[in-house]
Every structure is written in C-alpha cells, then in structure tokens.
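To be precise, the following lines are start.cif, and they hold mmCIF, C-alpha atoms and all ligand atoms.
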data_model
#
loop_
_atom_site.group_PDB
_atom_site.id
_atom_site.type_symbol
_atom_site.label_atom_id
_atom_site.label_comp_id
_atom_site.auth_asym_id
_atom_site.auth_seq_id
_atom_site.Cartn_x
_atom_site.Cartn_y
_atom_site.Cartn_z
ATOM 1 C CA MET A 985 0.263 23.714 -23.890
ATOM 2 C CA GLN A 986 1.271 26.205 -21.228
ATOM 3 C CA LEU A 987 4.155 24.053 -19.937
ATOM 4 C CA ASN A 988 5.939 23.451 -23.260
ATOM 5 C CA GLY A 989 9.713 23.500 -22.792
ATOM 6 C CA ARG A 990 9.476 22.972 -19.035
ATOM 7 C CA THR A 991 10.972 20.033 -17.146
ATOM 8 C CA ALA A 992 9.038 18.632 -14.206
ATOM 9 C CA LEU A 993 9.970 16.124 -11.506
ATOM 10 C CA VAL A 994 7.353 14.074 -9.633
ATOM 11 C CA THR A 995 8.423 11.993 -6.620
ATOM 12 C CA GLY A 996 6.261 8.974 -5.895
ATOM 13 C CA GLY A 997 5.173 9.254 -9.518
ATOM 14 C CA GLY A 998 4.865 5.503 -10.084
ATOM 15 C CA ARG A 999 1.230 5.241 -9.076
ATOM 16 C CA GLY A 1000 -1.745 6.950 -7.483
ATOM 17 C CA ILE A 1001 -1.819 10.722 -7.119
ATOM 18 C CA GLY A 1002 1.778 11.113 -8.332
ATOM 19 C CA GLN A 1003 0.960 9.276 -11.544
ATOM 20 C CA GLY A 1004 -2.102 11.469 -12.156
ATOM 21 C CA ILE A 1005 -0.001 14.589 -11.608
ATOM 22 C CA ALA A 1006 2.774 13.366 -13.914
ATOM 23 C CA LEU A 1007 0.293 12.639 -16.716
ATOM 24 C CA ALA A 1008 -1.383 16.040 -16.306
ATOM 25 C CA LEU A 1009 1.981 17.824 -16.508
ATOM 26 C CA ALA A 1010 2.853 15.860 -19.652
ATOM 27 C CA GLU A 1011 -0.543 16.651 -21.195
ATOM 28 C CA ALA A 1012 0.169 20.338 -20.512
ATOM 29 C CA GLY A 1013 3.416 20.053 -22.486
ATOM 30 C CA ALA A 1014 6.127 19.372 -19.892
ATOM 31 C CA ASP A 1015 8.848 16.749 -20.065
ATOM 32 C CA VAL A 1016 8.701 14.674 -16.896
ATOM 33 C CA ALA A 1017 11.152 12.895 -14.578
ATOM 34 C CA ILE A 1018 9.488 10.168 -12.529
ATOM 35 C CA ALA A 1019 11.204 9.280 -9.250
ATOM 36 C CA ASP A 1020 10.015 6.482 -7.003
ATOM 37 C CA LEU A 1021 11.242 3.983 -4.448
ATOM 38 C CA ASP A 1022 9.766 1.344 -6.764
ATOM 39 C CA ILE A 1023 11.470 1.754 -10.150
ATOM 40 C CA ALA A 1024 9.237 -0.850 -11.865
ATOM 41 C CA ILE A 1025 6.046 1.187 -11.330
ATOM 42 C CA ALA A 1026 7.912 4.379 -12.276
ATOM 43 C CA ARG A 1027 8.619 2.782 -15.672
ATOM 44 C CA GLU A 1028 4.902 2.048 -16.148
ATOM 45 C CA THR A 1029 4.083 5.743 -15.689
ATOM 46 C CA ALA A 1030 6.971 6.660 -18.007
ATOM 47 C CA ALA A 1031 5.563 4.493 -20.800
ATOM 48 C CA ARG A 1032 2.237 6.361 -20.556
ATOM 49 C CA ILE A 1033 4.013 9.736 -20.691
ATOM 50 C CA GLU A 1034 6.086 8.748 -23.710
ATOM 51 C CA ALA A 1035 2.854 7.684 -25.432
ATOM 52 C CA LEU A 1036 1.768 11.337 -25.075
ATOM 53 C CA GLY A 1037 4.866 12.372 -27.063
ATOM 54 C CA ARG A 1038 6.776 13.868 -24.123
ATOM 55 C CA ARG A 1039 10.278 13.093 -22.966
ATOM 56 C CA CYS A 1040 10.397 11.052 -19.763
ATOM 57 C CA ALA A 1041 13.079 9.402 -17.605
ATOM 58 C CA THR A 1042 12.822 7.331 -14.435
ATOM 59 C CA PHE A 1043 14.934 7.488 -11.295
ATOM 60 C CA GLN A 1044 15.052 5.307 -8.197
ATOM 61 C CA VAL A 1045 15.006 7.374 -4.993
ATOM 62 C CA ASP A 1046 14.301 7.127 -1.303
ATOM 63 C CA VAL A 1047 13.194 10.650 -0.416
ATOM 64 C CA SER A 1048 13.961 10.076 3.270
ATOM 65 C CA GLU A 1049 17.697 9.656 2.499
ATOM 66 C CA SER A 1050 19.765 12.777 1.952
ATOM 67 C CA ASP A 1051 22.353 11.183 -0.396
ATOM 68 C CA SER A 1052 19.628 9.589 -2.489
ATOM 69 C CA VAL A 1053 17.849 12.933 -2.958
ATOM 70 C CA THR A 1054 21.077 14.797 -3.811
ATOM 71 C CA LYS A 1055 21.874 12.178 -6.449
ATOM 72 C CA LEU A 1056 18.333 12.357 -7.854
ATOM 73 C CA ILE A 1057 18.421 16.105 -8.463
ATOM 74 C CA SER A 1058 21.902 15.905 -9.964
ATOM 75 C CA ASP A 1059 20.799 13.050 -12.284
ATOM 76 C CA VAL A 1060 17.625 14.903 -13.341
ATOM 77 C CA VAL A 1061 19.615 18.014 -14.279
ATOM 78 C CA SER A 1062 22.230 15.902 -16.136
ATOM 79 C CA THR A 1063 19.471 14.167 -18.083
ATOM 80 C CA PHE A 1064 17.208 17.131 -18.887
ATOM 81 C CA GLY A 1065 19.598 20.105 -18.526
ATOM 82 C CA GLN A 1066 17.241 21.931 -16.127
ATOM 83 C CA LEU A 1067 14.520 21.569 -13.499
ATOM 84 C CA ASP A 1068 11.579 23.996 -13.574
ATOM 85 C CA ILE A 1069 8.757 22.258 -11.691
ATOM 86 C CA ALA A 1070 9.097 19.877 -8.737
ATOM 87 C CA VAL A 1071 6.199 17.990 -7.179
ATOM 88 C CA ASN A 1072 7.235 16.461 -3.857
ATOM 89 C CA ASN A 1073 4.472 13.896 -3.638
ATOM 90 C CA ALA A 1074 6.015 10.678 -2.222
ATOM 91 C CA GLY A 1075 4.338 9.798 1.043
ATOM 92 C CA VAL A 1076 3.367 6.927 3.330
ATOM 93 C CA ILE A 1077 0.597 6.293 5.821
ATOM 94 C CA SER A 1078 -0.080 3.896 8.656
ATOM 95 C CA ILE A 1079 -3.179 3.729 10.777
ATOM 96 C CA LYS A 1080 -2.554 3.631 14.498
ATOM 97 C CA SER A 1081 -4.480 4.916 17.481
ATOM 98 C CA ILE A 1082 -2.417 7.012 19.864
ATOM 99 C CA ASP A 1083 -1.976 4.092 22.281
ATOM 100 C CA GLU A 1084 -0.851 1.764 19.454
ATOM 101 C CA LEU A 1085 1.572 4.263 17.918
ATOM 102 C CA SER A 1086 5.229 3.181 18.211
ATOM 103 C CA VAL A 1087 8.380 5.261 17.870
ATOM 104 C CA GLN A 1088 9.082 3.349 14.631
ATOM 105 C CA ASP A 1089 5.642 4.288 13.209
ATOM 106 C CA TRP A 1090 6.244 7.938 14.084
ATOM 107 C CA ASP A 1091 9.796 7.996 12.684
ATOM 108 C CA ARG A 1092 8.890 6.324 9.368
ATOM 109 C CA VAL A 1093 5.973 8.638 8.586
ATOM 110 C CA MET A 1094 7.927 11.736 9.598
ATOM 111 C CA ALA A 1095 11.015 10.596 7.655
ATOM 112 C CA VAL A 1096 9.208 10.154 4.339
ATOM 113 C CA ASN A 1097 6.449 12.774 4.560
ATOM 114 C CA ALA A 1098 8.172 15.647 6.395
ATOM 115 C CA LYS A 1099 11.943 15.106 6.092
ATOM 116 C CA GLY A 1100 11.491 13.918 2.493
ATOM 117 C CA VAL A 1101 9.787 17.190 1.546
ATOM 118 C CA PHE A 1102 12.528 19.189 3.295
ATOM 119 C CA LEU A 1103 15.365 17.281 1.568
ATOM 120 C CA CYS A 1104 13.759 17.494 -1.883
ATOM 121 C CA THR A 1105 12.873 21.193 -1.551
ATOM 122 C CA GLN A 1106 16.393 22.111 -0.411
ATOM 123 C CA ALA A 1107 18.052 20.221 -3.291
ATOM 124 C CA GLU A 1108 15.565 21.603 -5.851
ATOM 125 C CA LEU A 1109 16.127 25.183 -4.695
ATOM 126 C CA ASN A 1110 19.875 24.773 -5.275
ATOM 127 C CA VAL A 1111 19.055 24.305 -8.950
ATOM 128 C CA MET A 1112 16.145 26.747 -9.264
ATOM 129 C CA ARG A 1113 17.429 29.831 -7.412
ATOM 130 C CA PRO A 1114 20.426 30.509 -9.692
ATOM 131 C CA ARG A 1115 18.048 30.424 -12.692
ATOM 132 C CA GLN A 1116 15.542 32.737 -10.945
ATOM 133 C CA PHE A 1117 12.698 30.383 -11.834
ATOM 134 C CA GLY A 1118 11.019 27.479 -10.114
ATOM 135 C CA ARG A 1119 7.684 26.007 -9.088
ATOM 136 C CA ILE A 1120 7.703 23.698 -6.069
ATOM 137 C CA ILE A 1121 4.490 21.909 -5.103
ATOM 138 C CA ASN A 1122 4.561 19.866 -1.897
ATOM 139 C CA VAL A 1123 1.797 17.303 -1.522
ATOM 140 C CA ALA A 1124 0.379 17.658 1.992
ATOM 141 C CA SER A 1125 -3.168 16.544 2.836
ATOM 142 C CA ILE A 1126 -6.372 17.784 4.409
ATOM 143 C CA ALA A 1127 -4.863 15.883 7.376
ATOM 144 C CA GLY A 1128 -2.422 18.813 7.421
ATOM 145 C CA LYS A 1129 -5.348 21.177 8.075
ATOM 146 C CA ILE A 1130 -7.552 19.110 10.417
ATOM 147 C CA GLY A 1131 -6.820 16.108 12.642
ATOM 148 C CA PHE A 1132 -8.169 12.608 11.952
ATOM 149 C CA PRO A 1133 -8.513 9.773 14.490
ATOM 150 C CA ASP A 1134 -5.851 7.036 14.211
ATOM 151 C CA LEU A 1135 -3.680 9.347 12.101
ATOM 152 C CA SER A 1136 -1.992 11.607 14.668
ATOM 153 C CA HIS A 1137 1.537 10.906 13.342
ATOM 154 C CA TYR A 1138 0.389 11.305 9.715
ATOM 155 C CA SER A 1139 -1.423 14.571 10.570
ATOM 156 C CA ALA A 1140 1.714 15.825 12.373
ATOM 157 C CA SER A 1141 3.805 15.117 9.262
ATOM 158 C CA LYS A 1142 1.354 16.936 6.984
ATOM 159 C CA PHE A 1143 0.944 19.963 9.285
ATOM 160 C CA ALA A 1144 4.766 20.100 9.125
ATOM 161 C CA VAL A 1145 4.692 20.143 5.314
ATOM 162 C CA ILE A 1146 2.273 23.095 5.285
ATOM 163 C CA GLY A 1147 4.276 25.131 7.812
ATOM 164 C CA PHE A 1148 7.532 24.381 6.000
ATOM 165 C CA THR A 1149 6.021 25.337 2.645
ATOM 166 C CA ASN A 1150 4.715 28.651 3.976
ATOM 167 C CA ALA A 1151 8.079 29.599 5.544
ATOM 168 C CA VAL A 1152 10.233 28.635 2.553
ATOM 169 C CA ALA A 1153 7.897 30.455 0.150
ATOM 170 C CA LYS A 1154 8.643 33.682 2.012
ATOM 171 C CA GLU A 1155 12.414 33.039 1.969
ATOM 172 C CA VAL A 1156 12.581 32.681 -1.804
ATOM 173 C CA ALA A 1157 9.724 34.981 -2.853
ATOM 174 C CA LYS A 1158 12.018 37.537 -4.509
ATOM 175 C CA GLU A 1159 13.882 34.889 -6.511
ATOM 176 C CA GLY A 1160 11.291 33.771 -9.060
ATOM 177 C CA VAL A 1161 10.475 30.570 -7.172
ATOM 178 C CA THR A 1162 6.994 29.804 -5.822
ATOM 179 C CA VAL A 1163 6.393 27.139 -3.170
ATOM 180 C CA ASN A 1164 2.878 25.828 -2.509
ATOM 181 C CA ALA A 1165 1.199 22.863 -0.866
ATOM 182 C CA LEU A 1166 -1.544 20.749 -2.440
ATOM 183 C CA CYS A 1167 -3.941 19.172 0.062
ATOM 184 C CA PRO A 1168 -5.777 16.216 -1.509
ATOM 185 C CA GLY A 1169 -9.036 15.165 0.127
ATOM 186 C CA ILE A 1170 -9.946 11.505 -0.282
ATOM 187 C CA VAL A 1171 -8.502 9.779 -3.344
ATOM 188 C CA GLY A 1172 -9.066 6.041 -3.886
ATOM 189 C CA THR A 1173 -5.400 5.038 -4.297
ATOM 190 C CA GLY A 1174 -3.361 2.244 -2.696
ATOM 191 C CA MET A 1175 -3.514 4.175 0.574
ATOM 192 C CA TRP A 1176 -7.208 3.309 0.862
ATOM 193 C CA ARG A 1177 -7.192 -0.261 -0.422
ATOM 194 C CA GLY A 1178 -6.477 -3.543 1.357
ATOM 195 C CA GLU A 1179 -6.764 -4.698 4.954
ATOM 196 C CA ASP A 1180 -4.139 -2.161 6.066
ATOM 197 C CA GLY A 1181 -5.701 0.692 4.091
ATOM 198 C CA LEU A 1182 -7.958 3.341 5.578
ATOM 199 C CA SER A 1183 -11.058 1.813 4.036
ATOM 200 C CA GLY A 1184 -10.178 -1.617 5.498
ATOM 201 C CA ARG A 1185 -9.382 -0.289 8.944
ATOM 202 C CA TRP A 1186 -12.575 1.735 9.172
ATOM 203 C CA ARG A 1187 -14.752 -1.057 7.692
ATOM 204 C CA GLN A 1188 -17.861 -2.064 9.635
ATOM 205 C CA GLN A 1189 -18.637 -5.707 10.440
ATOM 206 C CA GLY A 1190 -19.950 -7.610 7.417
ATOM 207 C CA GLU A 1191 -19.096 -4.781 5.030
ATOM 208 C CA SER A 1192 -17.001 -5.396 1.893
ATOM 209 C CA GLU A 1193 -14.139 -3.081 1.006
ATOM 210 C CA ALA A 1194 -16.172 -1.608 -1.870
ATOM 211 C CA GLU A 1195 -19.162 -1.025 0.440
ATOM 212 C CA SER A 1196 -16.886 0.625 3.014
ATOM 213 C CA TRP A 1197 -15.397 2.870 0.329
ATOM 214 C CA GLY A 1198 -18.880 3.838 -0.898
ATOM 215 C CA ARG A 1199 -20.120 4.553 2.640
ATOM 216 C CA HIS A 1200 -17.100 6.707 3.408
ATOM 217 C CA GLN A 1201 -17.701 8.794 0.310
ATOM 218 C CA LYS A 1202 -21.399 9.287 1.098
ATOM 219 C CA THR A 1203 -21.028 9.940 4.833
ATOM 220 C CA LEU A 1204 -17.777 11.897 4.971
ATOM 221 C CA LEU A 1205 -17.715 13.925 1.806
ATOM 222 C CA PRO A 1206 -19.938 16.976 1.217
ATOM 223 C CA GLN A 1207 -20.160 16.237 -2.523
ATOM 224 C CA GLY A 1208 -20.694 12.509 -1.921
ATOM 225 C CA VAL A 1209 -17.860 11.463 -4.229
ATOM 226 C CA ALA A 1210 -14.126 11.079 -3.781
ATOM 227 C CA GLN A 1211 -11.504 13.032 -5.680
ATOM 228 C CA THR A 1212 -9.276 11.549 -8.386
ATOM 229 C CA PRO A 1213 -5.565 11.773 -9.252
ATOM 230 C CA GLU A 1214 -6.674 13.778 -12.319
ATOM 231 C CA ASP A 1215 -8.271 16.404 -10.027
ATOM 232 C CA MET A 1216 -4.889 16.801 -8.307
ATOM 233 C CA GLY A 1217 -3.140 17.094 -11.666
ATOM 234 C CA GLN A 1218 -5.375 20.025 -12.665
ATOM 235 C CA LEU A 1219 -4.342 22.102 -9.653
ATOM 236 C CA VAL A 1220 -0.667 21.216 -10.094
ATOM 237 C CA VAL A 1221 -0.733 22.404 -13.721
ATOM 238 C CA TYR A 1222 -2.296 25.660 -12.535
ATOM 239 C CA LEU A 1223 0.310 26.140 -9.776
ATOM 240 C CA ALA A 1224 3.103 25.313 -12.223
ATOM 241 C CA SER A 1225 1.837 28.112 -14.482
ATOM 242 C CA ALA A 1226 0.925 30.756 -11.878
ATOM 243 C CA GLU A 1227 3.409 33.499 -11.036
ATOM 244 C CA HIS A 1228 1.773 35.181 -8.047
ATOM 245 C CA VAL A 1229 0.431 32.263 -6.009
ATOM 246 C CA THR A 1230 2.915 31.236 -3.311
ATOM 247 C CA GLY A 1231 2.982 29.974 0.279
ATOM 248 C CA GLN A 1232 -0.563 28.577 -0.024
ATOM 249 C CA ALA A 1233 -2.014 25.262 1.102
ATOM 250 C CA LEU A 1234 -4.784 24.608 -1.421
ATOM 251 C CA ALA A 1235 -7.272 21.821 -0.784
ATOM 252 C CA VAL A 1236 -8.872 19.770 -3.553
ATOM 253 C CA ASP A 1237 -11.329 18.003 -1.282
ATOM 254 C CA GLY A 1238 -14.885 18.769 -2.391
ATOM 255 C CA GLY A 1239 -15.352 20.885 0.736
ATOM 256 C CA TYR A 1240 -14.340 18.205 3.266
ATOM 257 C CA SER A 1241 -11.951 20.399 5.281
ATOM 258 C CA LEU A 1242 -14.282 23.424 5.444
HETATM 259 P P1 LIG A 1301 0.281 5.685 -3.014
HETATM 260 O O1 LIG A 1301 0.679 4.804 -1.881
HETATM 261 O O2 LIG A 1301 -0.658 5.168 -4.042
HETATM 262 O O3 LIG A 1301 1.589 6.250 -3.770
HETATM 263 C C1 LIG A 1301 2.711 6.699 -3.056
HETATM 264 C C2 LIG A 1301 3.929 6.602 -3.967
HETATM 265 O O4 LIG A 1301 5.068 7.061 -3.227
HETATM 266 C C3 LIG A 1301 4.238 5.154 -4.387
HETATM 267 O O5 LIG A 1301 4.551 5.130 -5.760
HETATM 268 C C4 LIG A 1301 5.431 4.766 -3.523
HETATM 269 O O6 LIG A 1301 6.292 3.802 -4.124
HETATM 270 C C5 LIG A 1301 6.135 6.125 -3.378
HETATM 271 N N1 LIG A 1301 7.006 6.178 -2.190
HETATM 272 C C6 LIG A 1301 6.703 5.771 -0.931
HETATM 273 N N2 LIG A 1301 7.753 5.974 -0.120
HETATM 274 C C7 LIG A 1301 8.739 6.537 -0.874
HETATM 275 C C8 LIG A 1301 10.054 6.974 -0.603
HETATM 276 N N3 LIG A 1301 10.593 6.858 0.631
HETATM 277 N N4 LIG A 1301 10.786 7.503 -1.608
HETATM 278 C C9 LIG A 1301 10.247 7.612 -2.851
HETATM 279 N N5 LIG A 1301 9.008 7.197 -3.178
HETATM 280 C C10 LIG A 1301 8.263 6.660 -2.198
HETATM 281 O O7 LIG A 1301 -0.298 6.989 -2.311
HETATM 282 P P2 LIG A 1301 -1.136 8.240 -2.878
HETATM 283 O O8 LIG A 1301 -2.494 8.141 -2.313
HETATM 284 O O9 LIG A 1301 -0.941 8.391 -4.331
HETATM 285 O O10 LIG A 1301 -0.392 9.426 -2.090
HETATM 286 C C11 LIG A 1301 0.445 10.386 -2.718
HETATM 287 C C12 LIG A 1301 0.588 11.572 -1.773
HETATM 288 O O11 LIG A 1301 -0.705 12.129 -1.532
HETATM 289 C C13 LIG A 1301 1.149 11.220 -0.398
HETATM 290 O O12 LIG A 1301 2.024 12.241 0.048
HETATM 291 C C14 LIG A 1301 -0.097 11.156 0.476
HETATM 292 O O13 LIG A 1301 0.203 11.380 1.854
HETATM 293 C C15 LIG A 1301 -0.941 12.248 -0.140
HETATM 294 N N6 LIG A 1301 -2.370 12.153 0.126
HETATM 295 C C16 LIG A 1301 -3.126 11.078 -0.291
HETATM 296 C C17 LIG A 1301 -4.496 11.051 -0.048
HETATM 297 C C18 LIG A 1301 -5.386 9.931 -0.501
HETATM 298 O O14 LIG A 1301 -6.583 9.944 -0.153
HETATM 299 N N7 LIG A 1301 -4.899 8.955 -1.251
HETATM 300 C C19 LIG A 1301 -5.159 12.150 0.674
HETATM 301 C C20 LIG A 1301 -4.276 13.214 1.069
HETATM 302 C C21 LIG A 1301 -2.934 13.201 0.797
#
Before we go any further, please render this structure as structure tokens.
Ligand code: NAI
Amino acid sequence: MQLNGRTALVTGGGRGIGQGIALALAEAGADVAIADLDIAIARETAARIEALGRRCATFQVDVSESDSVTKLISDVVSTFGQLDIAVNNAGVISIKSIDELSVQDWDRVMAVNAKGVFLCTQAELNVMRPRQFGRIINVASIAGKIGFPDLSHYSASKFAVIGFTNAVAKEVAKEGVTVNALCPGIVGTGMWRGEDGLSGRWRQQGESEAESWGRHQKTLLPQGVAQTPEDMGQLVVYLASAEHVTGQALAVDGGYSL
C-alpha cells in the first residue's frame, strides 16, 4: 500500500484508461477524485473505488475550459484537504485524413488534449508547489512519439503533451514535484469501438468490428495483443511512487513505438 494517505485526481476517470488508472491508484491505497465531462460514468467508477474501501468523490469538469479546471482543483482540495497525485488523462480523438481535416476538428482535439493538459497542470502546480510534493502524470500516446495516418491533429496534440511535460518537469524539478507522460499503445476502449472508432474506420470490407480489432492486434502489435487499462494503472502507480523519474515519456505499448 505505497500510496496510503495520498490523494489522487484522475480526469476522464469515468471509463476506459482513466477508470483503470483510478482503480489501480485506489488498490495501491490512495483516495481518489474522479473528474469527467460525464458525471454519470464518473459515479460508476466511484462506486467501484468505494467498494475497495477508499474515499472517493466525483466532479464534473470540462478540461478545455479554464474556469472549469480552476473550480475543479479548488473543489478537490476543499473535499480532500490536499492533492498529491494528478493524472491528466481526459482526451478525445477523431479520425480524419489531412484533406478531410477541418479547423473545428483541429481546434477540438487541441483544446481537450493539449490545452486541457496545460490548464490542469498549471492549476495542480499551484497546489503542489507550496507543499513541495506532487506527482503529475499526463496521458499522451504513442501517437505523441510517431505519426499515424488519419490522425495528424491527434498526433500534433500528443506531441505537444510530451514537449510540455518535459519542459515543465525541468521548471519544477527542485520543488519536489515530478511531471511525466504516459504513452499508451493500443487499448480497446471506447476510442476503438463503433463506426467512428479507429477499428471501424480501418475495417476491411466484409470484416466485423471484432475481426478488425483482432487483425489490428495481430498485424500492428509486436506482442500480438493489445494493452489494457490495468497495464496503464501499473505504470501510474509506479510514477506516483518514484522520486527520481521526471520529464519522461514512457510507453506501455508492447514495443509498438520502437
Ligand atoms: P475514452 O473515450 O474511453 O475515455 C475518455 C474519457 O475522457 C471519457 O470518460 C470522457 O467522458 C472524458 N472526457 C472527454 N472529453 C473531456 C473533457 N473535455 N473534459 C473532461 N473529461 C473529458 O478514451 P480512452 O481510450 O480511455 O483514452 C484516455 C486517454 O488515453 C486519452 O487521453 C487518449 O488520447 C489516450 N490514449 C488512448 C489510447 C487507446 O488506444 N485507447 C492510446 C493512446 C492514448
């Protein structure tokens, strides 16, 4: 229970990777604040955390809005008295070739994925720096290390997260706060499912969604299997505990981005 007595915040913690991270933090002993645009799914994650015997509270937030983020951090500190670990995980995707990509597509992905990480990190540091302790983990992607077709705007947003993380880590290195990026590989969450998901978009003629998902794992991934939200949670627990790892962009991708 290396995180006993710590308070963690997970944005986008209502489902998918954020939910896996929130549960892993709770299993490691932390109390957890779940923040999401969708408060109903945040409450579902909260119920699972409370079943583990940890304290949990839910907060509605839009990470792309400055006032919403400021209020979130203030409410988390009022509720828990402190903030030790922050996982800036909320993110969105859309799949557009460069000729299809609109200004609105670009702005939305950049607003949530890049500006959202900036706004959250800035507000979290205001709380962490005076206490000389903090662990910030920004969820980027392997698309922040290598480019993918039909994802130029998404890749741009995730490269931004990695550069931002590296720079801020250096700014606060002497103040007890570490700042790292987690780069998930391929995780079968809502981002992959459905007609608008990656698996649907890249499906071959006559192929079911499940067949497409299986083919992608076998053809794209060196280990032949996708990663899970639990895999992401393991690295986050490590980063939340580690004192001398900062400014890194660590991939959990089974070797995909090598
Ligand atoms: P997901 O779509 O299952 O979950 C995203 C969560 O973020 C949802 O709960 C959603 O309500 C919340 N959210 C969306 N916009 C928000 C906003 N403006 N404010 C607050 N919350 C908001 O997606 P998934 O797969 O769990 O993704 C989580 C993170 O992992 C994202 O940053 C994504 O880019 C990244 N990622 C995912 C990969 C995958 O294969 N699924 C691979 C690499 C990175």
Interatomic distance, atom CA of Ala1041 of chain A to atom CA of Gln1066 of chain A (Å, one decimal): 13.3 Å
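For the pair atom CA of Ser1125 of chain A and atom O5 of ligand LIG 1301 (chain A), the interatomic distance is 16.2 Å.
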Expected answer as a PyMOL selection string: residues within 6 Å of ligand LIG 1301 (chain A), all atoms listed in the file: chain A and resi 995-1002+1020-1022+1045-1048+1073-1076+1096+1123-1125+1168-1175
Spatial neighbours of Ser1050 of chain A, 12 Å, all atoms listed in the file, chain gap at least 5 places, as a ChimeraX atom specification: /A:1045,1055-1057,1095-1096,1099-1107
Okay, now the selection with C-alpha atoms, as a compact mmCIF listing (two decimals), in the coordinates of the input?
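Dumped everything to out-v8.txt:
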# COMPACT_ATOMS: atom_id res chain seq x y z
CA VAL A 1045 15.01 7.37 -4.99
CA LYS A 1055 21.87 12.18 -6.45
CA LEU A 1056 18.33 12.36 -7.85
CA ILE A 1057 18.42 16.10 -8.46
CA ALA A 1095 11.02 10.60 7.66
CA VAL A 1096 9.21 10.15 4.34
CA LYS A 1099 11.94 15.11 6.09
CA GLY A 1100 11.49 13.92 2.49
CA VAL A 1101 9.79 17.19 1.55
CA PHE A 1102 12.53 19.19 3.30
CA LEU A 1103 15.36 17.28 1.57
CA CYS A 1104 13.76 17.49 -1.88
CA THR A 1105 12.87 21.19 -1.55
CA GLN A 1106 16.39 22.11 -0.41
CA ALA A 1107 18.05 20.22 -3.29
Output of the PyMOL selection byres (((chain A and resi 1182-1188) around 12) and not hetatm), listed as a ChimeraX atom specification: /A:1077-1081,1132-1135,1170-1181,1189-1201
Residue among A:Ala1006, A:Thr1149, A:Ser1086, A:Leu993 lying closest to Phe1043 of chain A, counting all atoms listed in the file: A:Leu993
Computed interatomic separation between atom CA of Ala992 of chain A and atom CA of Ser1141 of chain A (Å): 24.3 Å
Shortest interatomic distance to Gln1003 of chain A - which of A:Asp1068, A:Asp1215, A:Asp1237, A:Asp1051, counting all atoms listed in the file: A:Asp1215
Expected selection from the PyMOL selection byres (((chain A and resi 1218-1234) around 10) and not hetatm), given as an MDAnalysis selection string: chainID A and resid 986:987 990 992 1004:1006 1008:1014 1068:1071 1117:1126 1128:1129 1145:1154 1156:1157 1160:1168 1213:1217 1235:1237
Distance criterion (only C-alpha atoms): nearest to Gly1037 of chain A out of A:Thr1063, A:Asn988, A:Asp1089, A:Ala1019: A:Asn988
Filtering to N, CA and C atoms, could segment 1069-1085 of chain A of the supplied structure be written out as a PDB file, in the first residue's frame?
ATOM      1  N   ILE A1069      -1.329  13.570  -6.195  1.00  0.00           N
ATOM      2  CA  ILE A1069      -1.096  12.883  -7.479  1.00  0.00           C
ATOM      3  C   ILE A1069      -2.181  13.350  -8.455  1.00  0.00           C
ATOM      4  N   ALA A1070      -1.781  13.780  -9.642  1.00  0.00           N
ATOM      5  CA  ALA A1070      -2.777  14.198 -10.634  1.00  0.00           C
ATOM      6  C   ALA A1070      -2.503  13.488 -11.951  1.00  0.00           C
ATOM      7  N   VAL A1071      -3.512  12.816 -12.465  1.00  0.00           N
ATOM      8  CA  VAL A1071      -3.392  12.117 -13.745  1.00  0.00           C
ATOM      9  C   VAL A1071      -4.288  12.830 -14.756  1.00  0.00           C
ATOM     10  N   ASN A1072      -3.652  13.564 -15.665  1.00  0.00           N
ATOM     11  CA  ASN A1072      -4.391  14.342 -16.661  1.00  0.00           C
ATOM     12  C   ASN A1072      -4.609  13.458 -17.880  1.00  0.00           C
ATOM     13  N   ASN A1073      -5.723  12.733 -17.833  1.00  0.00           N
ATOM     14  CA  ASN A1073      -5.968  11.649 -18.787  1.00  0.00           C
ATOM     15  C   ASN A1073      -7.054  11.972 -19.813  1.00  0.00           C
ATOM     16  N   ALA A1074      -7.968  12.901 -19.502  1.00  0.00           N
ATOM     17  CA  ALA A1074      -9.102  13.164 -20.406  1.00  0.00           C
ATOM     18  C   ALA A1074      -8.582  13.481 -21.801  1.00  0.00           C
ATOM     19  N   GLY A1075      -9.198  12.864 -22.795  1.00  0.00           N
ATOM     20  CA  GLY A1075      -8.747  13.099 -24.163  1.00  0.00           C
ATOM     21  C   GLY A1075      -9.822  12.696 -25.151  1.00  0.00           C
ATOM     22  N   VAL A1076      -9.716  13.231 -26.368  1.00  0.00           N
ATOM     23  CA  VAL A1076     -10.664  12.887 -27.433  1.00  0.00           C
ATOM     24  C   VAL A1076      -9.888  12.586 -28.709  1.00  0.00           C
ATOM     25  N   ILE A1077     -10.568  11.887 -29.611  1.00  0.00           N
ATOM     26  CA  ILE A1077      -9.940  11.545 -30.891  1.00  0.00           C
ATOM     27  C   ILE A1077     -10.971  11.756 -31.997  1.00  0.00           C
ATOM     28  N   SER A1078     -10.530  12.047 -33.178  1.00  0.00           N
ATOM     29  CA  SER A1078     -11.377  11.918 -34.361  1.00  0.00           C
ATOM     30  C   SER A1078     -10.443  11.464 -35.474  1.00  0.00           C
ATOM     31  N   ILE A1079     -11.033  10.817 -36.461  1.00  0.00           N
ATOM     32  CA  ILE A1079     -10.204  10.187 -37.485  1.00  0.00           C
ATOM     33  C   ILE A1079     -10.469  10.899 -38.799  1.00  0.00           C
ATOM     34  N   LYS A1080      -9.500  11.660 -39.239  1.00  0.00           N
ATOM     35  CA  LYS A1080      -9.664  12.458 -40.452  1.00  0.00           C
ATOM     36  C   LYS A1080      -8.357  12.455 -41.238  1.00  0.00           C
ATOM     37  N   SER A1081      -8.472  12.213 -42.535  1.00  0.00           N
ATOM     38  CA  SER A1081      -7.276  12.373 -43.375  1.00  0.00           C
ATOM     39  C   SER A1081      -6.969  13.869 -43.462  1.00  0.00           C
ATOM     40  N   ILE A1082      -5.786  14.205 -43.911  1.00  0.00           N
ATOM     41  CA  ILE A1082      -5.377  15.604 -43.911  1.00  0.00           C
ATOM     42  C   ILE A1082      -6.293  16.450 -44.799  1.00  0.00           C
ATOM     43  N   ASP A1083      -6.820  15.875 -45.884  1.00  0.00           N
ATOM     44  CA  ASP A1083      -7.707  16.674 -46.737  1.00  0.00           C
ATOM     45  C   ASP A1083      -9.119  16.790 -46.163  1.00  0.00           C
ATOM     46  N   GLU A1084      -9.486  15.889 -45.255  1.00  0.00           N
ATOM     47  CA  GLU A1084     -10.812  15.976 -44.605  1.00  0.00           C
ATOM     48  C   GLU A1084     -10.796  16.878 -43.378  1.00  0.00           C
ATOM     49  N   LEU A1085      -9.615  17.110 -42.825  1.00  0.00           N
ATOM     50  CA  LEU A1085      -9.487  17.747 -41.510  1.00  0.00           C
ATOM     51  C   LEU A1085      -9.965  19.202 -41.548  1.00  0.00           C
TER      52      LEU A1085
END
